[in-house]
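Colleague: Have a look at this one.
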Amino acid sequence: MHVWIVGGAGLIGSHLAQRLRRHHEVLVSDSFRALRSMAPGPCRDLAERACDARLAGVDVLEIDVRDTTAMRRAAHAFQPEVVVWLAALLASESRQAPAEAQEVQVDAFARYLSEGRGGARRVVLASSSYAYGHFTVSPTPETAPLSPVDVYGRTKTQAEGLLAEAASVDGFEHVAVRPSAVLGPGDPRARFGCVAIENALHEGLVRVAEPDFVSDFTYVSDAAHGFAAAAEHADPPDVFNLAYGEARTNEDLGRTIAAHTGARLELLPSTWRSTGYVPSRGALDVTRAQRLGCAPRLGLDAAVTAFLRDRRQLLESGTAEARSGRREATWIARD
């Protein structure tokens with residue numbers, strides 16, 4: 001099966017590519033802007049190493065999803081059967097650059113759908129639990145109303161609507177996956193979990209912003225398993241939540257990291273409730289993911305244990321020169 005992972009150099013996408021390449025032909029496209037814009041330091045070093053290692057042996061194209069001509073050429077050359085659309089800004093980035101968020105998460109996706117999806121028979125969209133807005137029940141099922149309160153949630157909801165509408169007209173298979181708070185080593189975005197662990201290991205201090213903010217944390221290998229199921233399963237649901245199914249605070253994560261690393265914990269003031277655009281959240285109902293056989297298995301403590309183990313393995317994997325060679329060998333150009 002030919003699987004095209006759009007936005008596949010990020011945390012979830014690179015794990016998914018590594019997983020799918022065992023049985024399928026995989027193409028990853030990405031703008032690589034997130035990785036290149038990272039500040040120098042341990043998080044960037046780890047992200048570069050992770051990208052090299054996970055995309056080894058995978059065909060990779062540098063494409064911005066807003067480049068319609070390049071996207072069209074890639075689709076024509078690769079002829080995907082399944083497309084997994086992961087291209088997106090973070091929630092915080094979307095709030096800072098709402099026009100760009102609209103272009104990447106809605107407009108580019110709409111153009112891709114209108115141009116025939118490259119002939120793909122199935123499209124898997126990375127939506128978000130932010131589509132629910134303020135959680136009114138915990139755990140929140142997929143049938144809960146979608147009432148996003150920020151630009152990130154709104155663009156994800158719009159993309160879901162575009163996907164469902166196009167599928168109803170053109171008759172292709174479609175899946176919207178709603179993940180939550182994915183964490184893992186080598187993240188090319190400055191998410192809390194990655195930054196907190198690097199600070200713990202290098203500075204002996206875990207700084208926790210917004211300590212009372214609640215998320216349903218999901219380890220990246222579990223998230224990749226869920227997206228693989230959405231791509232490969234014979235009859236996946238049209239939409240499903242992808243999370244561990246447990247509400248935990250940022251303070252819980254910080255304390256768990258501190259316990260595993262021996263670092264000191266510092267709780268910073270919490271301001272998210274006063275913004276008006278950050279949703280109050282809780283646990284997700286993962287019954288559909290369980291039926292699909294891809295419900296995440298790692299709770300918070302196990303996720304931090306896995307994070308530290310996988311981080312150590314990344315740091316032990318080869319020299320910088322070898323990593324650069326593997327990257328050159330996997331990058332291709334297509335006309």
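Scheme for the structure tokens: letters A, B, ... for chains in order shown; per-chain residue numbers from 1; ligand numbers from 1 in order shown.
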Report as a tab-separated table: every residue of segment 262-282 of chain A with an atom at most 9 Å from segment 238-255 of chain A, its closest pair of atoms, and their distance in Å to one decimal, counting only C-alpha atoms, with rows sorted by chain and ascending residue number.
Modeller:
```
residue	atom	partner	partner_atom	distance
A:Arg264	CA	A:Arg255	CA	8.9
A:Leu265	CA	A:Arg255	CA	6.8
A:Glu266	CA	A:Gly254	CA	8.6
A:Leu267	CA	A:Glu251	CA	7.5
A:Arg281	CA	A:Ala247	CA	8.0
A:Gly282	CA	A:Ala247	CA	4.9
```
Colleague: May I have the residues from that selection written out with N, CA and C atoms, as a compact mmCIF listing (two decimals), in the first residue's frame?
Modeller:
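What landed in part.txt:
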```txt
# COMPACT_ATOMS: atom_id res chain seq x y z
N ARG A 264 14.29 19.25 40.88
CA ARG A 264 13.45 20.06 41.74
C ARG A 264 12.25 20.56 40.95
N LEU A 265 11.12 20.68 41.60
CA LEU A 265 9.88 21.12 40.94
C LEU A 265 9.60 22.57 41.28
N GLU A 266 9.27 23.36 40.25
CA GLU A 266 8.88 24.75 40.44
C GLU A 266 7.54 24.98 39.74
N LEU A 267 6.53 25.38 40.50
CA LEU A 267 5.21 25.64 39.94
C LEU A 267 5.07 27.13 39.67
N ARG A 281 -10.35 21.21 30.04
CA ARG A 281 -10.40 19.89 29.44
C ARG A 281 -10.45 18.79 30.49
N GLY A 282 -10.51 17.56 30.05
CA GLY A 282 -10.56 16.41 30.94
C GLY A 282 -10.14 15.17 30.19
```
Colleague: I'd like to know which residues of segment 144-310 of chain A are alpha helix (DSSP H) (by DSSP, run on the backbone); could you write them as a ChimeraX atom specification?
Modeller: /A:151-170,192-203,220-232,250-261,287-292,300-310
Colleague: Just the residues within 7 Å of segment 144-158 of chain A, please, counting only C-alpha atoms, with nothing from its chain fewer than 2 positions along; format it as a compact mmCIF listing (two decimals) with all heavy atoms, in the first residue's frame.
Modeller:
```txt
# COMPACT_ATOMS: atom_id res chain seq x y z
N ALA A 91 -1.45 24.54 18.91
CA ALA A 91 -2.51 25.42 19.39
C ALA A 91 -1.96 26.81 19.71
O ALA A 91 -2.53 27.83 19.31
CB ALA A 91 -3.19 24.81 20.61
N SER A 94 -1.02 28.59 16.54
CA SER A 94 -2.22 29.01 15.81
C SER A 94 -2.77 30.30 16.36
O SER A 94 -3.25 31.17 15.60
CB SER A 94 -3.28 27.90 15.87
OG SER A 94 -2.84 26.72 15.23
N ARG A 95 -2.73 30.46 17.68
CA ARG A 95 -3.22 31.70 18.29
C ARG A 95 -2.32 32.88 17.92
O ARG A 95 -2.80 34.01 17.76
CB ARG A 95 -3.29 31.54 19.80
CG ARG A 95 -4.31 30.51 20.26
CD ARG A 95 -4.32 30.36 21.77
NE ARG A 95 -4.91 29.09 22.15
CZ ARG A 95 -4.30 28.15 22.86
NH1 ARG A 95 -3.07 28.38 23.31
NH2 ARG A 95 -4.89 27.03 23.15
N PRO A 98 -2.95 33.34 13.41
CA PRO A 98 -4.23 32.77 12.98
C PRO A 98 -4.40 32.67 11.47
O PRO A 98 -5.01 31.73 10.97
CB PRO A 98 -5.27 33.71 13.60
CG PRO A 98 -4.54 34.98 13.88
CD PRO A 98 -3.14 34.57 14.20
N GLN A 102 -5.11 29.19 9.45
CA GLN A 102 -6.20 29.00 8.49
C GLN A 102 -5.68 28.46 7.17
O GLN A 102 -6.27 27.55 6.57
CB GLN A 102 -6.93 30.33 8.28
CG GLN A 102 -8.07 30.28 7.28
CD GLN A 102 -9.30 29.55 7.79
OE1 GLN A 102 -9.50 29.47 9.00
NE2 GLN A 102 -10.11 29.02 6.88
N GLN A 105 -4.21 24.65 7.97
CA GLN A 105 -5.12 23.65 8.52
C GLN A 105 -6.48 23.57 7.81
O GLN A 105 -7.19 22.58 7.96
CB GLN A 105 -5.31 23.90 10.02
CG GLN A 105 -4.11 23.46 10.85
CD GLN A 105 -3.67 24.41 11.93
OE1 GLN A 105 -2.48 24.64 12.10
NE2 GLN A 105 -4.61 24.98 12.68
N VAL A 106 -6.80 24.58 7.04
CA VAL A 106 -8.10 24.59 6.36
C VAL A 106 -7.93 24.75 4.84
O VAL A 106 -8.32 23.88 4.05
CB VAL A 106 -9.02 25.68 6.92
CG1 VAL A 106 -10.37 25.67 6.19
CG2 VAL A 106 -9.23 25.50 8.41
N SER A 127 -7.20 15.53 13.58
CA SER A 127 -7.98 16.61 14.17
C SER A 127 -7.43 16.85 15.58
O SER A 127 -6.23 16.73 15.80
CB SER A 127 -9.47 16.25 14.19
OG SER A 127 -10.24 17.32 14.69
N SER A 128 -8.27 17.16 16.53
CA SER A 128 -7.78 17.44 17.88
C SER A 128 -8.91 17.39 18.89
O SER A 128 -10.07 17.69 18.55
CB SER A 128 -7.13 18.82 17.94
OG SER A 128 -6.80 19.19 19.27
N TYR A 130 -9.17 19.55 20.96
CA TYR A 130 -9.53 20.97 21.10
C TYR A 130 -10.82 21.28 20.34
O TYR A 130 -11.43 22.32 20.56
CB TYR A 130 -8.41 21.86 20.59
CG TYR A 130 -7.40 22.25 21.64
CD1 TYR A 130 -6.51 21.32 22.17
CD2 TYR A 130 -7.32 23.56 22.11
CE1 TYR A 130 -5.58 21.66 23.13
CE2 TYR A 130 -6.40 23.92 23.08
CZ TYR A 130 -5.53 22.97 23.58
OH TYR A 130 -4.62 23.32 24.54
N ALA A 131 -11.23 20.38 19.45
CA ALA A 131 -12.48 20.61 18.72
C ALA A 131 -13.69 20.63 19.66
O ALA A 131 -14.71 21.26 19.36
CB ALA A 131 -12.67 19.51 17.67
N TYR A 132 -13.57 19.97 20.82
CA TYR A 132 -14.69 19.95 21.77
C TYR A 132 -14.83 21.27 22.52
O TYR A 132 -15.88 21.53 23.12
CB TYR A 132 -14.50 18.82 22.79
CG TYR A 132 -14.50 17.43 22.18
CD1 TYR A 132 -13.37 16.63 22.22
CD2 TYR A 132 -15.65 16.92 21.56
CE1 TYR A 132 -13.37 15.36 21.68
CE2 TYR A 132 -15.65 15.65 21.01
CZ TYR A 132 -14.50 14.87 21.07
OH TYR A 132 -14.50 13.61 20.51
N GLY A 133 -13.79 22.08 22.52
CA GLY A 133 -13.83 23.29 23.33
C GLY A 133 -13.79 22.92 24.81
O GLY A 133 -13.05 22.03 25.23
N THR A 140 -15.03 12.52 27.68
CA THR A 140 -15.81 13.09 26.58
C THR A 140 -15.85 12.13 25.40
O THR A 140 -14.80 11.75 24.88
CB THR A 140 -15.19 14.43 26.15
OG1 THR A 140 -15.37 15.39 27.20
CG2 THR A 140 -15.85 14.96 24.88
N PRO A 141 -17.05 11.77 24.95
CA PRO A 141 -17.16 10.86 23.78
C PRO A 141 -17.13 11.63 22.47
O PRO A 141 -17.29 12.86 22.45
CB PRO A 141 -18.53 10.21 24.00
CG PRO A 141 -19.33 11.30 24.65
CD PRO A 141 -18.37 12.06 25.53
N GLU A 142 -16.97 10.91 21.39
CA GLU A 142 -16.93 11.53 20.06
C GLU A 142 -18.25 12.19 19.69
O GLU A 142 -18.29 13.07 18.83
CB GLU A 142 -16.57 10.49 19.00
CG GLU A 142 -15.16 9.96 19.08
CD GLU A 142 -15.01 8.79 20.05
OE1 GLU A 142 -15.98 8.48 20.78
OE2 GLU A 142 -13.91 8.20 20.07
N GLU A 160 -12.43 18.93 9.69
CA GLU A 160 -13.29 17.74 9.81
C GLU A 160 -14.53 17.88 8.94
O GLU A 160 -14.95 16.92 8.26
CB GLU A 160 -13.71 17.53 11.27
CG GLU A 160 -12.67 16.87 12.15
CD GLU A 160 -13.27 16.34 13.43
OE1 GLU A 160 -14.44 15.88 13.40
OE2 GLU A 160 -12.58 16.38 14.47
N GLY A 161 -15.14 19.05 8.96
CA GLY A 161 -16.33 19.27 8.15
C GLY A 161 -16.06 19.16 6.67
O GLY A 161 -16.84 18.57 5.91
N LEU A 162 -14.93 19.73 6.23
CA LEU A 162 -14.55 19.63 4.83
C LEU A 162 -14.35 18.18 4.41
O LEU A 162 -14.77 17.76 3.32
CB LEU A 162 -13.25 20.42 4.59
CG LEU A 162 -13.34 21.94 4.65
CD1 LEU A 162 -11.95 22.54 4.69
CD2 LEU A 162 -14.12 22.48 3.45
N TYR A 277 -9.62 31.92 25.75
CA TYR A 277 -9.46 31.13 24.53
C TYR A 277 -8.74 29.79 24.77
O TYR A 277 -8.40 29.10 23.81
CB TYR A 277 -8.71 31.92 23.45
CG TYR A 277 -7.36 32.46 23.88
CD1 TYR A 277 -6.25 31.61 24.02
CD2 TYR A 277 -7.17 33.81 24.12
CE1 TYR A 277 -5.02 32.10 24.40
CE2 TYR A 277 -5.94 34.31 24.50
CZ TYR A 277 -4.87 33.46 24.63
OH TYR A 277 -3.65 33.95 25.01
N VAL A 278 -8.51 29.43 26.01
CA VAL A 278 -7.93 28.12 26.31
C VAL A 278 -9.02 27.26 26.95
O VAL A 278 -9.58 27.63 27.98
CB VAL A 278 -6.73 28.24 27.27
CG1 VAL A 278 -6.18 26.85 27.60
CG2 VAL A 278 -5.63 29.10 26.65
N PRO A 279 -9.37 26.16 26.33
CA PRO A 279 -10.49 25.35 26.84
C PRO A 279 -10.13 24.59 28.11
O PRO A 279 -8.99 24.16 28.30
CB PRO A 279 -10.78 24.39 25.69
CG PRO A 279 -9.47 24.25 24.98
CD PRO A 279 -8.81 25.59 25.09
```
Colleague: Closest to Leu300 of chain A among A:Ala99, A:Val137, A:Ile257, A:Val104, using only C-alpha atoms?
Modeller: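 Selected residue with least distance to Leu300 of chain A: A:Ile257.
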Colleague: Using DSSP on the backbone coordinates, identify all residues within segment 5-220 of chain A classified as strand (DSSP E or B); present the result as a count of residues only.
Modeller: 39
Colleague: Nearest to Arg207 of chain A: which of A:Ala47, A:Ala231, A:Leu11, A:Ala258 is it, counting only C-alpha atoms?
Modeller: A:Ala258
Colleague: With distances taken over only C-alpha atoms, which residue among A:Arg33, A:His174, A:His202, A:Arg44 lies nearest Ile63 of chain A?
Modeller: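 Nearest to Ile63 of chain A: A:Arg33.
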Colleague: Mind pulling up the distance from atom CA of Pro185 of chain A to atom CA of Ala50 of chain A?
Modeller: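 Between atom CA of Ala50 of chain A and atom CA of Pro185 of chain A the gap works out to 7.8 Å.
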Colleague: Pick out the residues sitting within 8 Å of Leu183 of chain A, and hand them over as a PDB file with C-alpha atoms, in the first residue's frame; count only C-alpha atoms, and ignore anything fewer than 6 positions along from it in its own chain.
Modeller:
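So out22.pdb came out as:
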```pdb
ATOM      1  CA  ARG A 191       5.897  21.214  23.861  1.00  0.00           C
ATOM      2  CA  GLY A 193       6.815  17.521  28.135  1.00  0.00           C
ATOM      3  CA  CYS A 194       9.965  17.643  26.025  1.00  0.00           C
ATOM      4  CA  PHE A 217      -1.600  12.737  28.029  1.00  0.00           C
ATOM      5  CA  THR A 218      -0.724  10.248  25.285  1.00  0.00           C
ATOM      6  CA  TYR A 219       2.693   8.735  24.618  1.00  0.00           C
ATOM      7  CA  VAL A 220       3.819   9.084  21.007  1.00  0.00           C
TER       8      VAL A 220
END
```
